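Peer 1: Have a look at this one.
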Amino acid sequence: MPSLCRDCLETFDEARPPTRRCPACRSPRVVTHPELFDLSIAHMDCDAFYASVEKRDNPELRDKPVIIGGGKRGVVSTACYIARIKGVRSAMPMFHALKLCPEAVVVRGRMETYVEVSKQIRTLMEELTPAIEPLSLDEAFMDLTGTARVHGKPPAAMLARLVKRMRDEIGITGSIGLSHNKFLAKIASDLDKPRGFSVIGAAQTQDFLHDKPVRLIWGIGAVGQASLNKAGIHTFSDLHRWDRQALHDRFGTMGERLWHLARGEDHRPVKRDRAVKGVSNETTFNDDISDVDLLDGHIWRMAEKVSDRLKAKEIAGRTVTLKLKRADFKLITRRATLPDATQTADRIYATARALFDHMDHPSMDLRHPGVGPYRLLGVGVSDLAPQHLADREGNLLDPQEAARLKAERATDAIRNRFGADAILKGRALR
């Protein structure tokens, strides 16, 4: 039986029933599977990525429940596994998370740091294969077909080496799912987290899927699951009983995909260049805000964060979006398209502030003049382009813009050397 030690990376054949111990180092972290050395489609998912970075950088948090998010009215970005044991989950309202885990340490996210760590992990992946399809900062598909001849080891061994290097060199752990297609590899990576390594072979696919719930299908949300349940489809075995044409008649083009997935079939290739549609940042306030100066400060901070992310990804964008949510939950969205792409905070802020100024802001409380009030504010940039196309055209109506953009580039250089808080604009303190 093909076997692999995830600690010393020894590969061996287990001729008798698995002992679950590596013959070389005696580690119990051994993965054994009949197709272990034949499979090459993988999904790597970091374990509680944002929280893991915070614990790495602050050892005092190591044994504490950590929630990444902000404010009692915000939502949880992610939570460490200690907090997850208490029931805390991503996208959960913060007030609910703190009821479940009142002892949790809440940390505001540091997106610039997470982007940098993601780049370090991506560099390690690039040493294994050029066929990488990122899904987010902390997860990606990889196709290692044919790489055994280059590395002298099967893909499974190289994947074990990858997560070992992530832990030893970067201080971040990850889980591997290995299978014969993307659909099953993604399911596998979540079977044994954290620090998991799970395999779903071709021969076992039907038996594995038989009694599994259809919610495992990536992209099936609450509405989609309710639609399937209404049709009497709760598990893959239920789905497997449906005729192909009947699924198409009931669910349209999605029915065709469901028919293939019911049989564990997924012919999508691992695509290296998965287009990013936009970059955005938003915040939910602890208390509704009507004060224009305070809102202006938030617009600037959002613009800065979006700018930092664009620069980290080496992209720019032409369309700036401002999003506001009123206290009555009414969502207001405005967009403006620039003559050329930008990645600078100054232009993103100026455009978003102009959108704000041209909006109709009827006050909901006539006793307290102001705008809104608003409970959420967000800024985003889309219509993306490479960064070398950024900020090439000047603004004839604003002759000081060029000087401000030059100053921003200088500020970036200082922050890169001395830290993000080395220079702050006054409006960022509002």
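Labeling convention for the structure tokens: chains A, B, ... as they appear, residues from 1 per chain, ligands from 1 in order of appearance.
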So which residues touch range 209-214 of chain A within 9 Å, counting only C-alpha atoms, skipping near sequence neighbours fewer than 2 positions away, as a list in words?

Peer 2: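 The neighbour list is Gln204, Thr205, Gln206, Asp207, Leu216, Ile217, Ile220, Gln225, Leu228, Ile233, His234, Thr235, Phe236, Ser237, Asp238, Leu239, His240, Ala262, Arg263 and Gly264 of chain A.
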
Peer 1: Residues at most 12 Å from range 385-387 of chain A, counting only C-alpha atoms, excluding those fewer than 4 positions away in the same chain, as a short mmCIF file (atom, residue, chain, number, x, y, z; two decimals) with N, CA and C atoms, in the first residue's frame?

Peer 2:
data_model
loop_
_atom_site.label_atom_id
_atom_site.label_comp_id
_atom_site.auth_asym_id
_atom_site.auth_seq_id
_atom_site.Cartn_x
_atom_site.Cartn_y
_atom_site.Cartn_z
N ALA A 275 -9.15 35.56 -13.16
CA ALA A 275 -9.28 37.01 -13.15
C ALA A 275 -9.88 37.53 -11.85
N VAL A 276 -9.25 38.59 -11.32
CA VAL A 276 -9.79 39.32 -10.18
C VAL A 276 -10.72 40.40 -10.72
N LYS A 277 -11.95 40.43 -10.27
CA LYS A 277 -12.93 41.37 -10.82
C LYS A 277 -12.88 42.74 -10.14
N GLY A 278 -12.45 42.77 -8.89
CA GLY A 278 -12.41 44.05 -8.19
C GLY A 278 -11.75 43.91 -6.83
N VAL A 279 -11.41 45.05 -6.25
CA VAL A 279 -10.80 45.10 -4.92
C VAL A 279 -11.61 46.10 -4.10
N SER A 307 -6.21 50.92 -1.93
CA SER A 307 -4.97 51.27 -2.63
C SER A 307 -3.84 50.29 -2.28
N ARG A 309 -4.09 47.23 -1.30
CA ARG A 309 -4.34 45.91 -1.88
C ARG A 309 -4.06 45.91 -3.38
N LEU A 310 -4.43 46.99 -4.06
CA LEU A 310 -4.13 47.09 -5.48
C LEU A 310 -2.62 47.05 -5.72
N LYS A 311 -1.89 47.80 -4.91
CA LYS A 311 -0.43 47.84 -5.06
C LYS A 311 0.19 46.47 -4.77
N ALA A 312 -0.36 45.78 -3.75
CA ALA A 312 0.16 44.46 -3.41
C ALA A 312 -0.07 43.47 -4.54
N LYS A 313 -1.19 43.61 -5.25
CA LYS A 313 -1.53 42.71 -6.35
C LYS A 313 -0.96 43.19 -7.68
N GLU A 314 -0.33 44.39 -7.66
CA GLU A 314 0.28 44.98 -8.86
C GLU A 314 -0.75 45.19 -9.96
N ILE A 315 -1.91 45.73 -9.55
CA ILE A 315 -2.99 46.04 -10.49
C ILE A 315 -3.53 47.43 -10.20
N ALA A 316 -4.38 47.92 -11.09
CA ALA A 316 -5.04 49.23 -10.92
C ALA A 316 -6.45 49.09 -11.49
N GLY A 317 -7.28 50.11 -11.26
CA GLY A 317 -8.65 50.04 -11.76
C GLY A 317 -9.20 51.40 -12.15
N ARG A 318 -10.17 51.40 -13.05
CA ARG A 318 -10.75 52.66 -13.56
C ARG A 318 -12.04 53.05 -12.87
N THR A 319 -12.79 52.09 -12.35
CA THR A 319 -14.10 52.39 -11.78
C THR A 319 -14.05 52.36 -10.26
N ASP A 340 -8.37 57.08 -16.77
CA ASP A 340 -7.36 56.03 -16.79
C ASP A 340 -7.39 55.30 -15.45
N ALA A 341 -6.72 54.16 -15.41
CA ALA A 341 -6.71 53.35 -14.19
C ALA A 341 -5.88 54.02 -13.10
N THR A 342 -6.20 53.71 -11.85
CA THR A 342 -5.44 54.24 -10.72
C THR A 342 -5.26 53.16 -9.67
N GLN A 343 -4.24 53.34 -8.86
CA GLN A 343 -4.04 52.50 -7.68
C GLN A 343 -3.65 53.35 -6.47
N THR A 344 -3.77 54.66 -6.62
CA THR A 344 -3.35 55.56 -5.55
C THR A 344 -4.53 55.93 -4.65
N VAL A 381 -12.76 49.30 -6.11
CA VAL A 381 -12.23 49.65 -7.43
C VAL A 381 -12.37 48.42 -8.33
N ASP A 391 -2.43 55.72 -13.52
CA ASP A 391 -2.15 57.14 -13.28
C ASP A 391 -1.23 57.75 -14.33
N ARG A 392 -1.53 57.48 -15.60
CA ARG A 392 -0.71 58.01 -16.68
C ARG A 392 -1.21 59.35 -17.19
#

Peer 1: Quick one: residues within 9 Å of Arg89 in chain A, only C-alpha atoms counted, chain neighbours fewer than 2 positions away excluded, as a PyMOL selection string?

Peer 2: chain A and resi 76-79+83-84+87+91-92+97

Peer 1: Near Asp243 in chain A, counting only C-alpha atoms, which residues have an atom at most 10 Å away, once you skip same-chain residues fewer than 6 positions from it, shown as a list in words?

Peer 2: Asp249, Gly255 and Trp259 of chain A

Peer 1: Out of A:Arg149, A:Lys64, A:Lys271, A:Lys186, which residue has the shortest atom-to-atom distance to Met44 in chain A when counting only C-alpha atoms?

Peer 2: A:Lys186

Peer 1: Considering only C-alpha atoms, can you say which of A:Ala336, A:Leu331, A:Met302, A:Leu184 comes closest to Tyr349 in chain A?

Peer 2: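 Closest candidate: A:Met302.
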
Peer 1: Would you mind reading off the distance between CA of Ser175 in chain A and CA of Asp192 in chain A, one decimal, in Å?

Peer 2: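 We find that CA of Ser175 in chain A and CA of Asp192 in chain A lie 7.7 Å from each other.
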
Peer 1: So that I can see what lies close to Lys55 in chain A, please list as a list in words the residues with an atom at most 12 Å from it, counting only C-alpha atoms and leaving out residues fewer than 6 positions away in the same chain.

Peer 2: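 After dropping sequence-adjacent residues, the list is Asp47, Ala48, Phe49, Leu61, Arg62, Asp63, Lys64, Pro65, Val66, Ile67, Ile68, Ala79, Cys80, Tyr81, Ile82, Val105, Val106, Val107, Gly171, Ile172 and Thr173 of chain A.
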
Peer 1: Based on DSSP run over this structure's backbone, return all residues of range 169-326 of chain A in strand (DSSP E), as a PyMOL selection string.

Peer 2: chain A and resi 174-179+197-199+278-289+315-326

Peer 1: Can you list, as a PyMOL selection string, every residue of range 83-318 of chain A that DSSP puts in helix (DSSP H, G or I)?

Peer 2: chain A and resi 83-85+94-100+111-126+148-151+155-170+182-189+205-209+214-216+222-230+236-240+244-251+253-262+292-313

Peer 1: What gap, in Å, lies between CA of His151 in chain A and CA of Arg122 in chain A?

Peer 2: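 Going from CA of His151 in chain A over to CA of Arg122 in chain A covers 17.9 Å.
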
Peer 1: Quick one: distance from CA of Arg6 in chain A to CA of Pro130 in chain A in Å, one decimal?

Peer 2: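 It comes out at 23.1 Å.
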
Peer 1: With distances taken over only C-alpha atoms, which residue among A:Ala140, A:His248, A:Ala354, A:His96 lies nearest Asp296 in chain A?

Peer 2: A:Ala354
